[in-house]
file model.pdb (PDB, C-alpha atoms, pLDDT in the B column)
ATOM      1  CA  MET A   1       4.200  19.351 -25.778  1.00 67.00           C
ATOM      2  CA  SER A   2       2.059  21.590 -23.568  1.00 77.00           C
ATOM      3  CA  ASP A   3       2.143  21.665 -19.756  1.00 77.00           C
ATOM      4  CA  SER A   4      -1.238  20.020 -19.780  1.00 80.00           C
ATOM      5  CA  ASP A   5       0.004  17.153 -21.970  1.00 82.00           C
ATOM      6  CA  LEU A   6       2.989  16.686 -19.686  1.00 86.00           C
ATOM      7  CA  ARG A   7       0.774  16.489 -16.624  1.00 88.00           C
ATOM      8  CA  GLN A   8      -1.493  13.970 -18.316  1.00 89.00           C
ATOM      9  CA  GLU A   9       1.506  11.909 -19.297  1.00 91.00           C
ATOM     10  CA  GLU A  10       2.865  12.012 -15.772  1.00 93.00           C
ATOM     11  CA  LEU A  11      -0.504  11.024 -14.344  1.00 94.00           C
ATOM     12  CA  VAL A  12      -0.652   7.973 -16.614  1.00 93.00           C
ATOM     13  CA  SER A  13       2.892   7.004 -15.614  1.00 94.00           C
ATOM     14  CA  HIS A  14       1.767   6.740 -11.977  1.00 94.00           C
ATOM     15  CA  ILE A  15      -1.100   4.329 -12.689  1.00 95.00           C
ATOM     16  CA  PRO A  16       0.902   1.160 -11.930  1.00 93.00           C
ATOM     17  CA  ALA A  17       1.870   2.569  -8.512  1.00 93.00           C
ATOM     18  CA  LEU A  18      -1.712   3.694  -7.936  1.00 94.00           C
ATOM     19  CA  ARG A  19      -2.985   0.186  -8.674  1.00 94.00           C
ATOM     20  CA  ALA A  20      -0.540  -1.361  -6.240  1.00 91.00           C
ATOM     21  CA  PHE A  21      -1.448   1.135  -3.521  1.00 92.00           C
ATOM     22  CA  ALA A  22      -5.165   0.644  -4.187  1.00 92.00           C
ATOM     23  CA  ARG A  23      -4.758  -3.118  -3.837  1.00 90.00           C
ATOM     24  CA  SER A  24      -3.139  -2.665  -0.444  1.00 87.00           C
ATOM     25  CA  LEU A  25      -6.117  -0.634   0.737  1.00 87.00           C
ATOM     26  CA  ALA A  26      -8.980  -2.483  -0.910  1.00 85.00           C
ATOM     27  CA  ASN A  27      -7.609  -6.011  -0.619  1.00 71.00           C
ATOM     28  CA  ASP A  28      -9.617  -6.899  -3.701  1.00 83.00           C
ATOM     29  CA  ALA A  29      -8.411  -6.487  -7.270  1.00 87.00           C
ATOM     30  CA  SER A  30     -11.715  -5.452  -8.767  1.00 90.00           C
ATOM     31  CA  HIS A  31     -12.502  -2.909  -6.068  1.00 90.00           C
ATOM     32  CA  ALA A  32      -8.920  -1.624  -6.281  1.00 92.00           C
ATOM     33  CA  ASP A  33      -9.242  -0.987 -10.003  1.00 93.00           C
ATOM     34  CA  ASP A  34     -12.542   0.800  -9.452  1.00 94.00           C
ATOM     35  CA  LEU A  35     -10.736   3.008  -6.961  1.00 94.00           C
ATOM     36  CA  VAL A  36      -7.998   3.739  -9.477  1.00 96.00           C
ATOM     37  CA  GLN A  37     -10.557   4.671 -12.127  1.00 96.00           C
ATOM     38  CA  GLU A  38     -12.296   7.005  -9.706  1.00 96.00           C
ATOM     39  CA  THR A  39      -8.951   8.533  -8.751  1.00 96.00           C
ATOM     40  CA  VAL A  40      -7.905   9.024 -12.367  1.00 96.00           C
ATOM     41  CA  LEU A  41     -11.216  10.712 -13.145  1.00 95.00           C
ATOM     42  CA  LYS A  42     -10.921  13.064 -10.179  1.00 95.00           C
ATOM     43  CA  ALA A  43      -7.256  13.829 -10.823  1.00 95.00           C
ATOM     44  CA  TRP A  44      -7.838  14.422 -14.536  1.00 93.00           C
ATOM     45  CA  SER A  45     -10.596  16.880 -13.731  1.00 92.00           C
ATOM     46  CA  ASN A  46      -8.324  18.709 -11.341  1.00 91.00           C
ATOM     47  CA  LEU A  47      -5.047  18.632 -13.251  1.00 89.00           C
ATOM     48  CA  GLY A  48      -5.379  22.366 -13.708  1.00 87.00           C
ATOM     49  CA  SER A  49      -5.035  22.841  -9.978  1.00 87.00           C
ATOM     50  CA  TYR A  50      -1.995  20.571  -9.675  1.00 89.00           C
ATOM     51  CA  THR A  51       1.174  22.555  -8.918  1.00 87.00           C
ATOM     52  CA  ASP A  52       4.044  21.579 -11.192  1.00 85.00           C
ATOM     53  CA  GLY A  53       7.166  20.539  -9.356  1.00 85.00           C
ATOM     54  CA  THR A  54       5.301  19.039  -6.420  1.00 89.00           C
ATOM     55  CA  ASN A  55       5.002  15.310  -5.846  1.00 91.00           C
ATOM     56  CA  MET A  56       2.277  14.100  -8.223  1.00 94.00           C
ATOM     57  CA  ARG A  57       2.406  10.545  -6.919  1.00 93.00           C
ATOM     58  CA  ALA A  58       1.753  11.740  -3.379  1.00 93.00           C
ATOM     59  CA  TRP A  59      -1.075  13.930  -4.698  1.00 94.00           C
ATOM     60  CA  LEU A  60      -2.643  10.953  -6.521  1.00 95.00           C
ATOM     61  CA  PHE A  61      -2.213   8.662  -3.523  1.00 95.00           C
ATOM     62  CA  THR A  62      -3.996  11.229  -1.376  1.00 94.00           C
ATOM     63  CA  ILE A  63      -6.937  11.397  -3.796  1.00 95.00           C
ATOM     64  CA  LEU A  64      -7.141   7.597  -3.910  1.00 95.00           C
ATOM     65  CA  ARG A  65      -6.940   7.277  -0.142  1.00 93.00           C
ATOM     66  CA  ASN A  66      -9.634   9.904   0.420  1.00 93.00           C
ATOM     67  CA  THR A  67     -11.852   8.144  -2.112  1.00 94.00           C
ATOM     68  CA  PHE A  68     -11.352   4.800  -0.394  1.00 91.00           C
ATOM     69  CA  TYR A  69     -12.075   6.048   3.128  1.00 87.00           C
ATOM     70  CA  SER A  70     -15.013   8.092   1.964  1.00 88.00           C
ATOM     71  CA  GLU A  71     -16.539   4.955   0.376  1.00 83.00           C
ATOM     72  CA  PHE A  72     -15.671   2.901   3.428  1.00 76.00           C
ATOM     73  CA  ARG A  73     -17.411   5.319   5.771  1.00 78.00           C
ATOM     74  CA  LYS A  74     -20.446   5.375   3.506  1.00 76.00           C
ATOM     75  CA  LEU A  75     -20.591   1.566   3.392  1.00 74.00           C
ATOM     76  CA  ARG A  76     -20.219   1.311   7.133  1.00 71.00           C
ATOM     77  CA  ARG A  77     -23.146   3.658   7.605  1.00 72.00           C
ATOM     78  CA  GLU A  78     -25.260   1.622   5.201  1.00 71.00           C
ATOM     79  CA  VAL A  79     -24.394  -1.885   6.392  1.00 66.00           C
ATOM     80  CA  GLU A  80     -23.862  -2.781   9.999  1.00 60.00           C
ATOM     81  CA  ASP A  81     -20.949  -5.209  10.054  1.00 54.00           C
ATOM     82  CA  VAL A  82     -22.369  -7.320  12.881  1.00 53.00           C
ATOM     83  CA  ASP A  83     -20.631 -10.520  11.873  1.00 57.00           C
ATOM     84  CA  GLY A  84     -17.450  -8.930  10.593  1.00 57.00           C
ATOM     85  CA  LYS A  85     -18.137  -9.679   6.920  1.00 56.00           C
ATOM     86  CA  ILE A  86     -16.886  -6.299   5.831  1.00 49.00           C
ATOM     87  CA  ALA A  87     -13.719  -6.804   7.796  1.00 47.00           C
ATOM     88  CA  ALA A  88     -10.845  -8.577   6.144  1.00 47.00           C
ATOM     89  CA  GLN A  89     -11.189 -12.286   5.520  1.00 35.00           C
ATOM     90  CA  VAL A  90      -9.161 -14.308   7.989  1.00 32.00           C
ATOM     91  CA  PRO A  91      -7.220 -16.987   6.168  1.00 32.00           C
ATOM     92  CA  ASP A  92      -5.436 -20.019   7.547  1.00 35.00           C
ATOM     93  CA  LYS A  93      -2.174 -19.374   9.295  1.00 34.00           C
ATOM     94  CA  ALA A  94       0.706 -19.649   6.866  1.00 34.00           C
ATOM     95  CA  ALA A  95       3.828 -21.591   7.584  1.00 34.00           C
ATOM     96  CA  GLN A  96       7.255 -20.092   7.090  1.00 35.00           C
ATOM     97  CA  ASP A  97       9.500 -22.453   5.224  1.00 37.00           C
ATOM     98  CA  GLY A  98      12.715 -20.603   4.434  1.00 39.00           C
ATOM     99  CA  VAL A  99      11.549 -18.915   1.253  1.00 44.00           C
ATOM    100  CA  MET A 100       8.317 -17.046   1.735  1.00 52.00           C
ATOM    101  CA  ASP A 101       5.565 -18.094  -0.599  1.00 66.00           C
ATOM    102  CA  MET A 102       3.959 -15.018  -2.113  1.00 74.00           C
ATOM    103  CA  ARG A 103       0.447 -16.324  -1.598  1.00 78.00           C
ATOM    104  CA  ASP A 104       1.218 -16.887   2.062  1.00 81.00           C
ATOM    105  CA  PHE A 105       2.580 -13.390   2.253  1.00 85.00           C
ATOM    106  CA  GLU A 106      -0.441 -11.891   0.511  1.00 85.00           C
ATOM    107  CA  ARG A 107      -2.792 -13.727   2.860  1.00 86.00           C
ATOM    108  CA  ALA A 108      -0.813 -12.508   5.839  1.00 90.00           C
ATOM    109  CA  PHE A 109      -0.739  -8.984   4.444  1.00 91.00           C
ATOM    110  CA  ALA A 110      -4.517  -9.074   4.021  1.00 89.00           C
ATOM    111  CA  GLN A 111      -4.886  -9.748   7.741  1.00 91.00           C
ATOM    112  CA  LEU A 112      -3.214  -6.475   8.697  1.00 93.00           C
ATOM    113  CA  ALA A 113      -5.310  -3.520   9.718  1.00 92.00           C
ATOM    114  CA  ALA A 114      -5.981  -1.169   6.810  1.00 89.00           C
ATOM    115  CA  ASP A 115      -3.852   1.615   8.285  1.00 91.00           C
ATOM    116  CA  GLN A 116      -0.944  -0.809   8.703  1.00 93.00           C
ATOM    117  CA  ARG A 117      -1.218  -2.119   5.132  1.00 92.00           C
ATOM    118  CA  GLU A 118      -1.326   1.424   3.918  1.00 92.00           C
ATOM    119  CA  ALA A 119       1.716   2.581   5.908  1.00 94.00           C
ATOM    120  CA  LEU A 120       3.749  -0.451   4.931  1.00 92.00           C
ATOM    121  CA  THR A 121       2.908  -0.054   1.261  1.00 92.00           C
ATOM    122  CA  LEU A 122       3.645   3.662   1.186  1.00 93.00           C
ATOM    123  CA  VAL A 123       6.955   3.407   3.007  1.00 92.00           C
ATOM    124  CA  GLY A 124       8.077  -0.145   2.349  1.00 88.00           C
ATOM    125  CA  ALA A 125       7.144  -0.493  -1.298  1.00 88.00           C
ATOM    126  CA  SER A 126       6.268   2.849  -2.877  1.00 87.00           C
ATOM    127  CA  GLY A 127       9.527   4.376  -1.758  1.00 85.00           C
ATOM    128  CA  LEU A 128       7.903   7.373  -0.117  1.00 91.00           C
ATOM    129  CA  THR A 129       9.548   8.958   2.892  1.00 92.00           C
ATOM    130  CA  TYR A 130       7.905   8.780   6.290  1.00 95.00           C
ATOM    131  CA  GLU A 131       7.162  12.493   5.953  1.00 95.00           C
ATOM    132  CA  GLU A 132       5.435  12.030   2.594  1.00 94.00           C
ATOM    133  CA  ALA A 133       3.482   9.043   3.899  1.00 95.00           C
ATOM    134  CA  ALA A 134       2.409  11.042   6.957  1.00 96.00           C
ATOM    135  CA  GLU A 135       1.172  13.853   4.743  1.00 94.00           C
ATOM    136  CA  ILE A 136      -0.834  11.440   2.585  1.00 94.00           C
ATOM    137  CA  CYS A 137      -2.342   9.738   5.642  1.00 94.00           C
ATOM    138  CA  GLY A 138      -2.968  13.028   7.414  1.00 94.00           C
ATOM    139  CA  CYS A 139      -1.145  11.954  10.558  1.00 96.00           C
ATOM    140  CA  ALA A 140       2.136  12.464  12.409  1.00 97.00           C
ATOM    141  CA  VAL A 141       5.405  10.963  11.170  1.00 96.00           C
ATOM    142  CA  GLY A 142       5.669   9.015  14.426  1.00 97.00           C
ATOM    143  CA  THR A 143       2.268   7.473  13.789  1.00 97.00           C
ATOM    144  CA  VAL A 144       3.389   6.198  10.398  1.00 96.00           C
ATOM    145  CA  LYS A 145       6.555   4.748  11.957  1.00 96.00           C
ATOM    146  CA  SER A 146       4.529   3.070  14.638  1.00 96.00           C
ATOM    147  CA  ARG A 147       2.097   1.587  12.086  1.00 96.00           C
ATOM    148  CA  VAL A 148       4.984   0.264  10.002  1.00 94.00           C
ATOM    149  CA  ASN A 149       6.567  -1.299  13.093  1.00 93.00           C
ATOM    150  CA  ARG A 150       3.321  -2.895  14.174  1.00 94.00           C
ATOM    151  CA  ALA A 151       2.617  -4.130  10.646  1.00 94.00           C
ATOM    152  CA  ARG A 152       6.003  -5.782  10.374  1.00 91.00           C
ATOM    153  CA  ALA A 153       5.674  -7.370  13.799  1.00 91.00           C
ATOM    154  CA  ARG A 154       2.194  -8.629  12.952  1.00 92.00           C
ATOM    155  CA  LEU A 155       3.397 -10.069   9.638  1.00 90.00           C
ATOM    156  CA  ALA A 156       6.200 -11.866  11.433  1.00 87.00           C
ATOM    157  CA  GLU A 157       3.691 -13.201  13.919  1.00 89.00           C
ATOM    158  CA  ILE A 158       1.245 -14.434  11.266  1.00 87.00           C
ATOM    159  CA  LEU A 159       3.955 -15.943   9.122  1.00 82.00           C
ATOM    160  CA  GLY A 160       5.615 -17.457  12.150  1.00 78.00           C
ATOM    161  CA  THR A 161       9.036 -16.147  11.115  1.00 60.00           C
ATOM    162  CA  ASP A 162       9.878 -15.202  14.658  1.00 49.00           C
ATOM    163  CA  GLN A 163       7.342 -15.393  17.413  1.00 42.00           C
ATOM    164  CA  ASP A 164       9.502 -13.462  19.863  1.00 46.00           C
ATOM    165  CA  ALA A 165      10.133 -10.710  17.358  1.00 43.00           C
ATOM    166  CA  ALA A 166       6.439 -10.346  16.809  1.00 39.00           C
ATOM    167  CA  LYS A 167       6.002  -9.247  20.380  1.00 41.00           C
ATOM    168  CA  SER A 168       8.674  -6.561  20.300  1.00 44.00           C
ATOM    169  CA  GLU A 169       8.927  -3.235  18.554  1.00 41.00           C
ATOM    170  CA  GLN A 170      11.770  -3.374  16.063  1.00 43.00           C
ATOM    171  CA  PRO A 171      13.613  -0.592  14.262  1.00 41.00           C
ATOM    172  CA  VAL A 172      12.386  -0.173  10.719  1.00 41.00           C
ATOM    173  CA  SER A 173      14.906  -0.951   8.041  1.00 41.00           C
ATOM    174  CA  VAL A 174      12.849  -0.033   4.991  1.00 38.00           C
ATOM    175  CA  SER A 175      13.374   3.399   3.547  1.00 35.00           C
TER     176      SER A 175
ATOM    177  CA  MET B   1      29.808 -15.683  26.239  1.00 52.00           C
ATOM    178  CA  SER B   2      26.860 -17.833  25.241  1.00 58.00           C
ATOM    179  CA  HIS B   3      24.416 -15.097  26.290  1.00 59.00           C
ATOM    180  CA  ASP B   4      26.105 -12.604  23.919  1.00 63.00           C
ATOM    181  CA  THR B   5      26.118 -15.163  21.141  1.00 65.00           C
ATOM    182  CA  SER B   6      22.450 -15.797  21.702  1.00 64.00           C
ATOM    183  CA  ASN B   7      21.703 -12.036  21.533  1.00 65.00           C
ATOM    184  CA  GLN B   8      23.735 -11.715  18.351  1.00 68.00           C
ATOM    185  CA  ASP B   9      21.898 -14.648  16.797  1.00 68.00           C
ATOM    186  CA  SER B  10      18.604 -13.110  17.801  1.00 62.00           C
ATOM    187  CA  ARG B  11      19.529  -9.750  16.242  1.00 61.00           C
ATOM    188  CA  GLN B  12      20.687 -11.479  13.076  1.00 63.00           C
ATOM    189  CA  ASN B  13      17.391 -13.391  12.928  1.00 62.00           C
ATOM    190  CA  LEU B  14      15.482 -10.142  13.216  1.00 58.00           C
ATOM    191  CA  ARG B  15      17.517  -8.565  10.425  1.00 62.00           C
ATOM    192  CA  ASP B  16      16.957 -11.618   8.210  1.00 64.00           C
ATOM    193  CA  GLN B  17      13.274 -11.556   8.973  1.00 63.00           C
ATOM    194  CA  ASP B  18      13.136  -7.819   8.183  1.00 65.00           C
ATOM    195  CA  ASP B  19      14.825  -8.509   4.859  1.00 76.00           C
ATOM    196  CA  VAL B  20      12.378 -11.285   3.985  1.00 81.00           C
ATOM    197  CA  ILE B  21       9.390  -9.093   4.799  1.00 84.00           C
ATOM    198  CA  SER B  22      10.819  -6.061   2.979  1.00 84.00           C
ATOM    199  CA  GLN B  23      11.549  -8.138  -0.109  1.00 87.00           C
ATOM    200  CA  SER B  24       8.127  -9.712  -0.055  1.00 87.00           C
ATOM    201  CA  ILE B  25       6.384  -6.348   0.228  1.00 87.00           C
ATOM    202  CA  LYS B  26       8.348  -4.971  -2.699  1.00 88.00           C
ATOM    203  CA  ARG B  27       7.802  -8.109  -4.760  1.00 88.00           C
ATOM    204  CA  ALA B  28       4.049  -8.091  -4.152  1.00 87.00           C
ATOM    205  CA  TYR B  29       3.894  -4.378  -4.988  1.00 88.00           C
ATOM    206  CA  ASP B  30       5.964  -4.781  -8.154  1.00 89.00           C
ATOM    207  CA  GLN B  31       3.883  -7.735  -9.324  1.00 88.00           C
ATOM    208  CA  ILE B  32       0.716  -5.660  -9.148  1.00 87.00           C
ATOM    209  CA  ALA B  33       2.365  -2.629 -10.726  1.00 87.00           C
ATOM    210  CA  GLU B  34       3.587  -4.757 -13.623  1.00 89.00           C
ATOM    211  CA  GLU B  35       0.169  -6.209 -14.399  1.00 90.00           C
ATOM    212  CA  PRO B  36      -1.292  -4.888 -17.660  1.00 91.00           C
ATOM    213  CA  ILE B  37      -3.754  -2.035 -17.255  1.00 90.00           C
ATOM    214  CA  PRO B  38      -7.303  -3.435 -17.361  1.00 91.00           C
ATOM    215  CA  ASP B  39      -9.350  -2.742 -20.474  1.00 93.00           C
ATOM    216  CA  SER B  40     -11.885  -0.650 -18.593  1.00 93.00           C
ATOM    217  CA  LEU B  41      -9.178   1.672 -17.281  1.00 93.00           C
ATOM    218  CA  GLN B  42      -7.481   1.849 -20.668  1.00 93.00           C
ATOM    219  CA  SER B  43     -10.804   2.793 -22.265  1.00 94.00           C
ATOM    220  CA  LEU B  44     -11.273   5.513 -19.685  1.00 93.00           C
ATOM    221  CA  LEU B  45      -7.797   6.898 -20.388  1.00 92.00           C
ATOM    222  CA  ASP B  46      -8.417   6.856 -24.147  1.00 92.00           C
ATOM    223  CA  ARG B  47     -11.684   8.699 -23.654  1.00 93.00           C
ATOM    224  CA  LEU B  48     -10.119  11.296 -21.353  1.00 91.00           C
ATOM    225  CA  LYS B  49      -7.270  11.889 -23.786  1.00 87.00           C
ATOM    226  CA  GLN B  50      -9.723  12.379 -26.625  1.00 87.00           C
ATOM    227  CA  GLU B  51     -11.778  14.816 -24.589  1.00 83.00           C
ATOM    228  CA  GLY B  52      -8.656  16.758 -23.670  1.00 73.00           C
ATOM    229  CA  PRO B  53      -7.884  18.600 -20.451  1.00 63.00           C
ATOM    230  CA  ARG B  54     -10.617  20.022 -18.292  1.00 60.00           C
ATOM    231  CA  GLN B  55      -9.850  23.480 -17.049  1.00 53.00           C
TER     232      GLN B  55
END
call {"tool": "encode", "arguments": {"input": "model.pdb", "output": "structure tokens"}}
result
Amino acid sequence: MSDSDLRQEELVSHIPALRAFARSLANDASHADDLVQETVLKAWSNLGSYTDGTNMRAWLFTILRNTFYSEFRKLRREVEDVDGKIAAQVPDKAAQDGVMDMRDFERAFAQLAADQREALTLVGASGLTYEEAAEICGCAVGTVKSRVNRARARLAEILGTDQDAAKSEQPVSVS
Amino acid sequence: MSHDTSNQDSRQNLRDQDDVISQSIKRAYDQIAEEPIPDSLQSLLDRLKQEGPRQ
């Protein structure tokens, strides 16, 4: 198997993670899959410039993120979001009842700011380090930590798991 | 002391809450990652593989 075949195979193996990351950014399954397609196309075209031995997932996440924010900026220029329709839909407040219902969680997650959803997904679910997440987001490690903290506090607030906790900055236990 | 007990309870609550949120994030992420690849994306991959690498 050639190096090129190996790279293609590795790229395909990251598609599930790409889809999950895209969903956290786009908040809409159809748009998320469009983003993944766009990312795959771009990455495939540039596989020759990918350096073997580096983190391909981080590379793909960066392409996807840049694609998303580039589209977002374009859309914002085209449509003035006077009534907040482009902003995330605000669902009913979910109740916490011991075991968290996934739909409640997803609704709560959708209410987070995009940068918070992104940071939480990269660090809390994708298993990337804070350093890797910071590189993907193009910001400082401390910024990623702060976004993760704020995201977790906001989730707790929305889900009503602990109102007091929501107001305080807590150490992050995800790795 | 009751104050210490209250602080300990509060810390434990925060840890539990952290666990619930962490688990939910991972579960939501895994659910999406485990979904079958949509036909449109699969078609794109098949086409790209047929075309071969672009240098």
call {"tool": "closest_residue", "arguments": {"input": "model.pdb", "among": "A:Leu64, A:Ala108, A:Ala151, A:Val36", "to": "Ser40 in chain B", "atoms": "only C-alpha atoms"}}
result
A:Val36
call {"tool": "atom_distance", "arguments": {"input": "model.pdb", "atom1": "CA of Asp34 in chain A", "atom2": "CA of Thr51 in chain A"}}
result
25.7 Å
call {"tool": "closest_residue", "arguments": {"input": "model.pdb", "among": "A:Lys145, A:Arg152, A:His31, A:Arg73", "to": "chain B", "atoms": "only C-alpha atoms"}}
result
A:Arg152
call {"tool": "interface_residues", "arguments": {"input": "model.pdb", "of": "chain A", "to": "chain B", "cutoff": "6 Å", "atoms": "all atoms listed in the file", "output": "VMD selection string"}}
result
chain A and resid 16 to 17 20 45 48 125
call {"tool": "residues_around", "arguments": {"input": "model.pdb", "residues": "Thr143 in chain A", "least_positions_apart": "3", "cutoff": "12 Å", "atoms": "all atoms listed in the file", "output": "PyMOL selection string"}}
result
chain A and resi 115-116+119-120+130-131+133-135+137-140+146-150
call {"tool": "resolve_selection", "arguments": {"input": "model.pdb", "expression": "the PyMOL selection byres ((chain A and resi 32) around 10)", "output": "VMD selection string"}}
result
chain A and resid 18 to 31 33 to 38 64 68
call {"tool": "atom_distance", "arguments": {"input": "model.pdb", "atom1": "CA of Phe105 in chain A", "atom2": "CA of Leu128 in chain A"}}
result
21.6 Å
call {"tool": "atom_distance", "arguments": {"input": "model.pdb", "atom1": "CA of Glu118 in chain A", "atom2": "CA of Ser49 in chain A"}}
result
25.8 Å
call {"tool": "residues_around", "arguments": {"input": "model.pdb", "residues": "Met56 in chain A", "least_positions_apart": "5", "cutoff": "10 Å", "atoms": "all atoms listed in the file", "output": "number ranges by chain"}}
result
A: 7, 10-11, 14, 43, 47, 50-51, 61-62
